[in-house]
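The data block below is protein.pdb; it holds PDB, C-alpha atoms.
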MODEL        1
ATOM      1  CA  MET A 100      56.478-106.473 -19.880  1.00  0.00           C
ATOM      2  CA  LEU A 101      57.344-109.663 -18.029  1.00  0.00           C
ATOM      3  CA  GLY A 102      58.914-111.204 -14.985  1.00  0.00           C
ATOM      4  CA  LEU A 103      58.084-112.322 -11.493  1.00  0.00           C
ATOM      5  CA  ASP A 104      55.766-109.905  -9.726  1.00  0.00           C
ATOM      6  CA  LEU A 105      56.238-108.782  -6.141  1.00  0.00           C
ATOM      7  CA  ASP A 106      54.578-112.043  -4.997  1.00  0.00           C
ATOM      8  CA  ASN A 107      56.987-114.101  -7.182  1.00  0.00           C
ATOM      9  CA  LYS A 108      54.231-115.070  -9.636  1.00  0.00           C
ATOM     10  CA  PRO A 109      55.125-115.101 -13.348  1.00  0.00           C
ATOM     11  CA  ARG A 110      53.315-112.350 -15.251  1.00  0.00           C
ATOM     12  CA  GLY A 111      53.642-111.041 -18.757  1.00  0.00           C
ATOM     13  CA  ALA A 112      51.922-109.036 -21.444  1.00  0.00           C
ATOM     14  CA  ARG A 113      52.752-107.523 -24.794  1.00  0.00           C
ATOM     15  CA  PHE A 114      52.097-103.928 -25.727  1.00  0.00           C
ATOM     16  CA  ASP A 115      52.064-102.395 -29.191  1.00  0.00           C
ATOM     17  CA  ASN A 116      54.020 -99.362 -27.999  1.00  0.00           C
ATOM     18  CA  VAL A 117      56.538 -99.319 -25.171  1.00  0.00           C
ATOM     19  CA  ASP A 118      56.888 -95.835 -23.719  1.00  0.00           C
ATOM     20  CA  ASP A 119      57.838 -94.360 -20.368  1.00  0.00           C
ATOM     21  CA  ARG A 120      54.361 -95.117 -18.929  1.00  0.00           C
ATOM     22  CA  VAL A 121      54.719 -98.834 -19.726  1.00  0.00           C
ATOM     23  CA  VAL A 122      58.245 -98.945 -18.268  1.00  0.00           C
ATOM     24  CA  SER A 123      57.049 -97.098 -15.151  1.00  0.00           C
ATOM     25  CA  VAL A 124      54.134 -99.502 -14.616  1.00  0.00           C
ATOM     26  CA  ALA A 125      56.468-102.473 -15.114  1.00  0.00           C
ATOM     27  CA  LEU A 126      58.800-101.139 -12.424  1.00  0.00           C
ATOM     28  CA  ASP A 127      55.922-100.447 -10.037  1.00  0.00           C
ATOM     29  CA  LEU A 128      54.804-104.067 -10.395  1.00  0.00           C
ATOM     30  CA  GLY A 129      58.335-105.429  -9.950  1.00  0.00           C
ATOM     31  CA  LEU A 130      58.458-106.539 -13.599  1.00  0.00           C
ATOM     32  CA  GLY A 131      60.844-105.784 -16.444  1.00  0.00           C
ATOM     33  CA  ALA A 132      60.176-104.103 -19.767  1.00  0.00           C
ATOM     34  CA  VAL A 133      61.722-105.099 -23.080  1.00  0.00           C
ATOM     35  CA  VAL A 134      62.019-101.840 -24.992  1.00  0.00           C
ATOM     36  CA  LYS A 135      63.585-103.253 -28.154  1.00  0.00           C
ATOM     37  CA  ALA A 136      63.023-106.896 -29.040  1.00  0.00           C
ATOM     38  CA  SER A 137      65.186-109.131 -31.194  1.00  0.00           C
ATOM     39  CA  THR A 138      63.406-111.114 -33.909  1.00  0.00           C
ATOM     40  CA  GLU A 139      63.684-114.337 -31.898  1.00  0.00           C
ATOM     41  CA  PHE A 140      62.359-112.714 -28.740  1.00  0.00           C
ATOM     42  CA  GLY A 141      59.526-111.028 -30.671  1.00  0.00           C
ATOM     43  CA  GLN A 142      58.361-114.306 -32.177  1.00  0.00           C
ATOM     44  CA  VAL A 143      58.147-116.051 -28.803  1.00  0.00           C
ATOM     45  CA  ALA A 144      56.654-112.944 -27.146  1.00  0.00           C
ATOM     46  CA  GLN A 145      53.651-113.269 -29.474  1.00  0.00           C
ATOM     47  CA  LYS A 146      52.520-116.022 -27.074  1.00  0.00           C
ATOM     48  CA  LEU A 147      52.083-113.385 -24.353  1.00  0.00           C
ATOM     49  CA  PRO A 148      48.549-112.067 -23.867  1.00  0.00           C
ATOM     50  CA  ALA A 149      47.850-108.446 -24.762  1.00  0.00           C
ATOM     51  CA  GLY A 150      48.240-106.117 -21.811  1.00  0.00           C
ATOM     52  CA  ARG A 151      46.079-103.129 -20.993  1.00  0.00           C
ATOM     53  CA  LEU A 152      47.260 -99.776 -19.726  1.00  0.00           C
ATOM     54  CA  TYR A 153      44.469 -97.632 -18.320  1.00  0.00           C
ATOM     55  CA  ALA A 154      44.320 -93.831 -18.232  1.00  0.00           C
ATOM     56  CA  SER A 155      44.484 -94.006 -14.422  1.00  0.00           C
ATOM     57  CA  GLY A 156      48.009 -95.399 -14.698  1.00  0.00           C
ATOM     58  CA  LYS A 157      46.966 -98.906 -13.633  1.00  0.00           C
ATOM     59  CA  ALA A 158      47.652-101.885 -15.846  1.00  0.00           C
ATOM     60  CA  PHE A 159      46.331-105.367 -16.455  1.00  0.00           C
ATOM     61  CA  ILE A 160      49.207-107.853 -16.664  1.00  0.00           C
ATOM     62  CA  PRO A 161      47.906-111.436 -16.570  1.00  0.00           C
ATOM     63  CA  ALA A 162      49.629-114.431 -15.024  1.00  0.00           C
ATOM     64  CA  ILE A 163      51.591-116.586 -17.477  1.00  0.00           C
ATOM     65  CA  LYS A 164      53.116-120.059 -17.353  1.00  0.00           C
ATOM     66  CA  GLU A 165      56.599-120.326 -15.870  1.00  0.00           C
ATOM     67  CA  THR A 166      57.710-122.229 -18.975  1.00  0.00           C
ATOM     68  CA  LEU A 167      56.922-119.208 -21.190  1.00  0.00           C
ATOM     69  CA  LEU A 168      58.741-116.856 -18.826  1.00  0.00           C
ATOM     70  CA  THR A 169      61.734-119.211 -18.768  1.00  0.00           C
ATOM     71  CA  GLU A 170      61.774-119.409 -22.579  1.00  0.00           C
ATOM     72  CA  LEU A 171      61.708-115.613 -22.954  1.00  0.00           C
ATOM     73  CA  MET A 172      64.377-115.070 -20.292  1.00  0.00           C
ATOM     74  CA  THR A 173      66.603-117.695 -21.909  1.00  0.00           C
ATOM     75  CA  ILE A 174      66.477-115.735 -25.169  1.00  0.00           C
ATOM     76  CA  LEU A 175      67.378-112.504 -23.359  1.00  0.00           C
ATOM     77  CA  ARG A 176      70.399-114.194 -21.737  1.00  0.00           C
ATOM     78  CA  LYS A 177      71.817-115.468 -25.035  1.00  0.00           C
ATOM     79  CA  PRO A 178      75.083-113.756 -25.946  1.00  0.00           C
ATOM     80  CA  GLY A 179      74.508-111.436 -28.857  1.00  0.00           C
ATOM     81  CA  ASP A 180      70.724-111.169 -28.431  1.00  0.00           C
ATOM     82  CA  ALA A 181      69.749-107.756 -29.773  1.00  0.00           C
ATOM     83  CA  SER A 182      66.887-107.225 -27.309  1.00  0.00           C
ATOM     84  CA  GLU A 183      67.150-104.286 -24.936  1.00  0.00           C
ATOM     85  CA  ALA A 184      65.401-104.684 -21.623  1.00  0.00           C
ATOM     86  CA  TYR A 185      65.162-102.769 -18.396  1.00  0.00           C
ATOM     87  CA  LYS A 186      65.306-104.243 -14.900  1.00  0.00           C
ATOM     88  CA  LEU A 187      64.869-107.927 -15.553  1.00  0.00           C
ATOM     89  CA  GLU A 188      66.806-108.823 -12.433  1.00  0.00           C
ATOM     90  CA  ASN A 189      64.341-111.526 -11.486  1.00  0.00           C
ATOM     91  CA  ARG A 190      65.218-113.526 -14.568  1.00  0.00           C
ATOM     92  CA  PRO A 191      65.059-117.297 -14.184  1.00  0.00           C
ATOM     93  CA  GLN A 192      68.455-118.970 -13.881  1.00  0.00           C
ATOM     94  CA  LYS A 193      69.729-122.440 -13.021  1.00  0.00           C
ATOM     95  CA  ASN A 194      71.108-122.911  -9.550  1.00  0.00           C
ATOM     96  CA  ASP A 195      73.268-125.687  -8.117  1.00  0.00           C
ATOM     97  CA  SER A 196      70.219-127.778  -7.223  1.00  0.00           C
ATOM     98  CA  GLY A 197      69.019-127.786 -10.857  1.00  0.00           C
ATOM     99  CA  ASP A 198      65.909-125.733 -10.051  1.00  0.00           C
ATOM    100  CA  PRO A 199      65.146-123.928 -13.338  1.00  0.00           C
ATOM    101  CA  LEU A 200      63.614-120.884 -11.634  1.00  0.00           C
ATOM    102  CA  VAL A 201      65.598-118.993  -9.067  1.00  0.00           C
ATOM    103  CA  ARG A 202      63.990-115.747  -7.955  1.00  0.00           C
ATOM    104  CA  CYS A 203      66.871-113.294  -7.892  1.00  0.00           C
ATOM    105  CA  ARG A 204      66.407-109.720  -6.728  1.00  0.00           C
ATOM    106  CA  SER A 205      69.883-108.406  -7.488  1.00  0.00           C
ATOM    107  CA  PRO A 206      70.278-105.139  -9.435  1.00  0.00           C
ATOM    108  CA  ILE A 207      71.165-106.597 -12.844  1.00  0.00           C
ATOM    109  CA  THR A 208      70.168-104.622 -15.887  1.00  0.00           C
ATOM    110  CA  SER A 209      70.365-105.810 -19.475  1.00  0.00           C
ATOM    111  CA  GLY A 210      70.749-103.572 -22.503  1.00  0.00           C
ATOM    112  CA  LEU A 211      73.298-101.195 -20.982  1.00  0.00           C
ATOM    113  CA  PRO A 212      74.610 -98.657 -23.516  1.00  0.00           C
ATOM    114  CA  ARG A 213      78.268 -98.956 -24.516  1.00  0.00           C
ATOM    115  CA  ASN A 214      78.671 -95.252 -25.305  1.00  0.00           C
ATOM    116  CA  TRP A 215      76.748 -91.985 -24.963  1.00  0.00           C
ATOM    117  CA  GLU A 216      75.385 -92.151 -28.518  1.00  0.00           C
ATOM    118  CA  GLU A 217      73.603 -95.437 -27.656  1.00  0.00           C
ATOM    119  CA  VAL A 218      71.813 -94.029 -24.586  1.00  0.00           C
ATOM    120  CA  ASP A 219      68.076 -94.421 -25.194  1.00  0.00           C
ATOM    121  CA  VAL A 220      64.761 -94.993 -23.435  1.00  0.00           C
ATOM    122  CA  GLY A 221      64.974 -97.849 -20.936  1.00  0.00           C
ATOM    123  CA  HIS A 222      68.731 -97.660 -20.407  1.00  0.00           C
ATOM    124  CA  MET A 223      70.225 -97.222 -16.964  1.00  0.00           C
ATOM    125  CA  VAL A 224      72.748 -94.461 -16.328  1.00  0.00           C
ATOM    126  CA  LEU A 225      74.197 -92.876 -13.195  1.00  0.00           C
ATOM    127  CA  ALA A 226      73.013 -89.385 -12.243  1.00  0.00           C
ATOM    128  CA  HIS A 227      75.010 -87.182  -9.868  1.00  0.00           C
ATOM    129  CA  GLU A 228      73.058 -85.587  -7.022  1.00  0.00           C
ATOM    130  CA  GLY A 229      75.843 -83.597  -5.438  1.00  0.00           C
ATOM    131  CA  TYR A 230      78.927 -84.043  -3.291  1.00  0.00           C
ATOM    132  CA  GLU A 231      76.989 -85.196  -0.214  1.00  0.00           C
ATOM    133  CA  ASP A 232      74.518 -87.481  -2.040  1.00  0.00           C
ATOM    134  CA  GLY A 233      76.743 -89.026  -4.733  1.00  0.00           C
ATOM    135  CA  TRP A 234      75.669 -90.939  -7.833  1.00  0.00           C
ATOM    136  CA  TRP A 235      72.387 -92.855  -8.203  1.00  0.00           C
ATOM    137  CA  GLU A 236      71.035 -95.293 -10.781  1.00  0.00           C
ATOM    138  CA  ALA A 237      68.480 -93.696 -13.079  1.00  0.00           C
ATOM    139  CA  VAL A 238      66.442 -94.926 -16.037  1.00  0.00           C
ATOM    140  CA  VAL A 239      66.087 -92.920 -19.235  1.00  0.00           C
ATOM    141  CA  VAL A 240      62.376 -92.345 -19.865  1.00  0.00           C
ATOM    142  CA  LYS A 241      62.820 -89.843 -22.713  1.00  0.00           C
ATOM    143  CA  ARG A 242      65.644 -88.543 -24.896  1.00  0.00           C
ATOM    144  CA  GLU A 243      65.507 -85.402 -27.002  1.00  0.00           C
ATOM    145  CA  ASN A 244      68.877 -84.791 -28.661  1.00  0.00           C
ATOM    146  CA  ASP A 245      71.291 -84.546 -25.704  1.00  0.00           C
ATOM    147  CA  ILE A 246      68.634 -83.881 -23.042  1.00  0.00           C
ATOM    148  CA  LEU A 247      67.572 -86.890 -20.951  1.00  0.00           C
ATOM    149  CA  THR A 248      64.459 -87.206 -18.831  1.00  0.00           C
ATOM    150  CA  LEU A 249      65.316 -89.630 -16.039  1.00  0.00           C
ATOM    151  CA  ARG A 250      63.579 -91.549 -13.263  1.00  0.00           C
ATOM    152  CA  TYR A 251      65.372 -93.023 -10.274  1.00  0.00           C
ATOM    153  CA  ARG A 252      65.676 -96.783 -10.792  1.00  0.00           C
ATOM    154  CA  ASP A 253      64.919 -97.770  -7.214  1.00  0.00           C
ATOM    155  CA  SER A 254      62.320 -95.044  -6.573  1.00  0.00           C
ATOM    156  CA  PRO A 255      60.150 -95.030  -9.707  1.00  0.00           C
ATOM    157  CA  LYS A 256      57.330 -93.096  -8.013  1.00  0.00           C
ATOM    158  CA  LEU A 257      59.513 -90.031  -7.436  1.00  0.00           C
ATOM    159  CA  PRO A 258      59.138 -87.298 -10.079  1.00  0.00           C
ATOM    160  CA  THR A 259      61.228 -87.459 -13.241  1.00  0.00           C
ATOM    161  CA  PHE A 260      64.143 -85.061 -13.654  1.00  0.00           C
ATOM    162  CA  VAL A 261      66.217 -83.715 -16.538  1.00  0.00           C
ATOM    163  CA  ARG A 262      69.966 -83.980 -17.147  1.00  0.00           C
ATOM    164  CA  HIS A 263      72.226 -83.225 -20.100  1.00  0.00           C
ATOM    165  CA  LEU A 264      73.813 -86.318 -21.658  1.00  0.00           C
ATOM    166  CA  ASN A 265      77.295 -85.063 -20.730  1.00  0.00           C
ATOM    167  CA  THR A 266      76.423 -84.990 -17.018  1.00  0.00           C
ATOM    168  CA  VAL A 267      75.528 -88.680 -16.588  1.00  0.00           C
ATOM    169  CA  ALA A 268      77.851 -91.660 -16.217  1.00  0.00           C
ATOM    170  CA  LEU A 269      77.536 -95.000 -17.969  1.00  0.00           C
ATOM    171  CA  VAL A 270      77.572 -98.362 -16.226  1.00  0.00           C
ATOM    172  CA  ASN A 271      80.098-100.858 -17.582  1.00  0.00           C
ATOM    173  CA  PRO A 272      78.054-103.325 -19.693  1.00  0.00           C
ATOM    174  CA  GLY A 273      80.788-105.970 -19.574  1.00  0.00           C
ATOM    175  CA  PRO A 274      82.686-107.592 -22.423  1.00  0.00           C
ATOM    176  CA  LEU A 275      81.265-107.783 -25.922  1.00  0.00           C
ATOM    177  CA  ALA A 276      79.738-111.134 -26.788  1.00  0.00           C
ATOM    178  CA  ASP A 277      81.589-113.121 -29.434  1.00  0.00           C
ATOM    179  CA  LYS A 278      79.840-112.929 -32.794  1.00  0.00           C
ATOM    180  CA  ALA A 279      81.373-116.223 -34.006  1.00  0.00           C
TER     181      ALA A 279
ENDMDL
END
Please express the file's structure as structure tokens.
Amino acid sequence: MLGLDLDNKPRGARFDNVDDRVVSVALDLGLGAVVKASTEFGQVAQKLPAGRLYASGKAFIPAIKETLLTELMTILRKPGDASEAYKLENRPQKNDSGDPLVRCRSPITSGLPRNWEEVDVGHMVLAHEGYEDGWWEAVVVKRENDILTLRYRDSPKLPTFVRHLNTVALVNPGPLADKA
């Protein structure tokens, strides 16, 4: 779990197990959750302090140095990085002024599935709510065969809901990175 919190302060913590509770807490705090880490990301993430998730649903996510956050986000942005993360839209990026940390709040999601077989916990899909309401971004919090338990991306405190895999839409993840 890492990113800029709702006050734009860098925070991060590592957890032994990433499940829907950890992802939910990350979203509530305005942070992102890496659900599957590449080897490179995992090695650098060992510098993160251990986080605590309490039975009450609260979490302890300590402040971290911006340099560590920048290093981890740089790894996630590398083409071909095998990490899968959810809602790291506040990732540090360079802007025209050369400032290494730009606090973005645009709805960018990494680790989008390329097909229905790849859909897994932490991925974003589109769920249909009816003719009047349309399609809404949802995060997969659990998958059992072809049954998905979902949570609305922008309203993580609303109750989860269930959809069959065939009834959700995928978001275009963009072109494949060159493996050269």
- Task: Output the residue selection produced by the PyMOL selection byres ((chain A and resi 260) around 10) on the file above, formatted as a list in words.
- Result: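 Against this file, the PyMOL selection byres ((chain A and resi 260) around 10) returns the residues Ala226, Ala237, Val239, Val240, Leu247, Thr248, Leu249, Arg250, Tyr251, Leu257, Pro258, Thr259, Val261 and Arg262 of chain A.
Here atom CA of Phe114 of chain A and atom CA of Val220 of chain A stand 15.7 Å from one another.
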- Query: Mind pulling up the distance from atom CA of Ala162 of chain A to atom CA of Lys108 of chain A?
  - Reply: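 Between atom CA of Lys108 of chain A and atom CA of Ala162 of chain A the gap is 7.1 Å.
Nearest to Thr166 of chain A of all the residues A:Leu130, A:Arg110, A:Gly141, A:Glu217 is A:Arg110, based on all atoms listed in the file.
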- Task: May I have the residues within 8 Å of Arg252 of chain A as an NGL selection string, using all atoms listed in the file and disregarding those fewer than 6 positions away in the same chain?
- Result: :A and (223 or 236-238)
- Please provide as a ChimeraX atom specification all residues within 6 Å of Leu147 of chain A, with the sequence filter that same-chain residues fewer than 3 positions apart are discarded (counting all atoms listed in the file). /A:112-113,144
- Enter the distance from atom CA of Val124 of chain A to atom CA of Val143 of chain A, in Å, rounded to one decimal.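 Atom-to-atom, atom CA of Val124 of chain A to atom CA of Val143 of chain A, that is 22.2 Å.
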- Selection: 10 Å around Asp104 of chain A, all atoms listed in the file, excl. self and same-chain fewer than 4 positions, as a ChimeraX atom specification: /A:108-111,125-131,160,162,189
Serialized selection, C-alpha atoms, as a compact mmCIF listing (two decimals), keeping the file's coordinate frame:
# COMPACT_ATOMS: atom_id res chain seq x y z
CA LYS A 108 54.23 -115.07 -9.64
CA PRO A 109 55.12 -115.10 -13.35
CA ARG A 110 53.32 -112.35 -15.25
CA GLY A 111 53.64 -111.04 -18.76
CA ALA A 125 56.47 -102.47 -15.11
CA LEU A 126 58.80 -101.14 -12.42
CA ASP A 127 55.92 -100.45 -10.04
CA LEU A 128 54.80 -104.07 -10.40
CA GLY A 129 58.34 -105.43 -9.95
CA LEU A 130 58.46 -106.54 -13.60
CA GLY A 131 60.84 -105.78 -16.44
CA ILE A 160 49.21 -107.85 -16.66
CA ALA A 162 49.63 -114.43 -15.02
CA ASN A 189 64.34 -111.53 -11.49
- Run through the PyMOL selection byres ((chain A and resi 151) around 12) on the given coordinates and return the selected residues as a list in words. Met100, Gly111, Ala112, Arg113, Phe114, Asp115, Asn116, Val117, Arg120, Val121, Val124, Ala125, Pro148, Ala149, Gly150, Leu152, Tyr153, Ala154, Ser155, Gly156, Lys157, Ala158, Phe159, Ile160 and Pro161 of chain A
What's the 7 Å shell around His263 of chain A, counting all atoms listed in the file, without same-chain residues fewer than 3 positions away, as a CSV table (one decimal) with C-alpha atoms, in the coordinates of the input?
chain,number,residue,atom,x,y,z
A,245,ASP,CA,71.3,-84.5,-25.7
A,246,ILE,CA,68.6,-83.9,-23.0
A,247,LEU,CA,67.6,-86.9,-21.0
A,266,THR,CA,76.4,-85.0,-17.0
- Item | For Pro212 of chain A: contacts at 7 Å, all atoms listed in the file, fewer than 6 positions along chain excluded, given as a ChimeraX atom specification | /A:218,222,272
Enclosing box along x, y and z for every listed atom of segment 145-156 of chain A, padded 8 Å each side, centre and size in Å, one decimal, as lines of an AutoDock Vina configuration file:
center_x = 49.0
center_y = -104.9
center_z = -21.9
size_x = 25.3
size_y = 38.2
size_z = 31.1
- Message: From the options A:Val224, A:Leu101, A:Ser123, A:Leu175, which residue's atoms come nearest to Ser254 of chain A, counting only C-alpha atoms?
- Response: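 Using only C-alpha atoms, the shortest distance to Ser254 of chain A belongs to A:Ser123.
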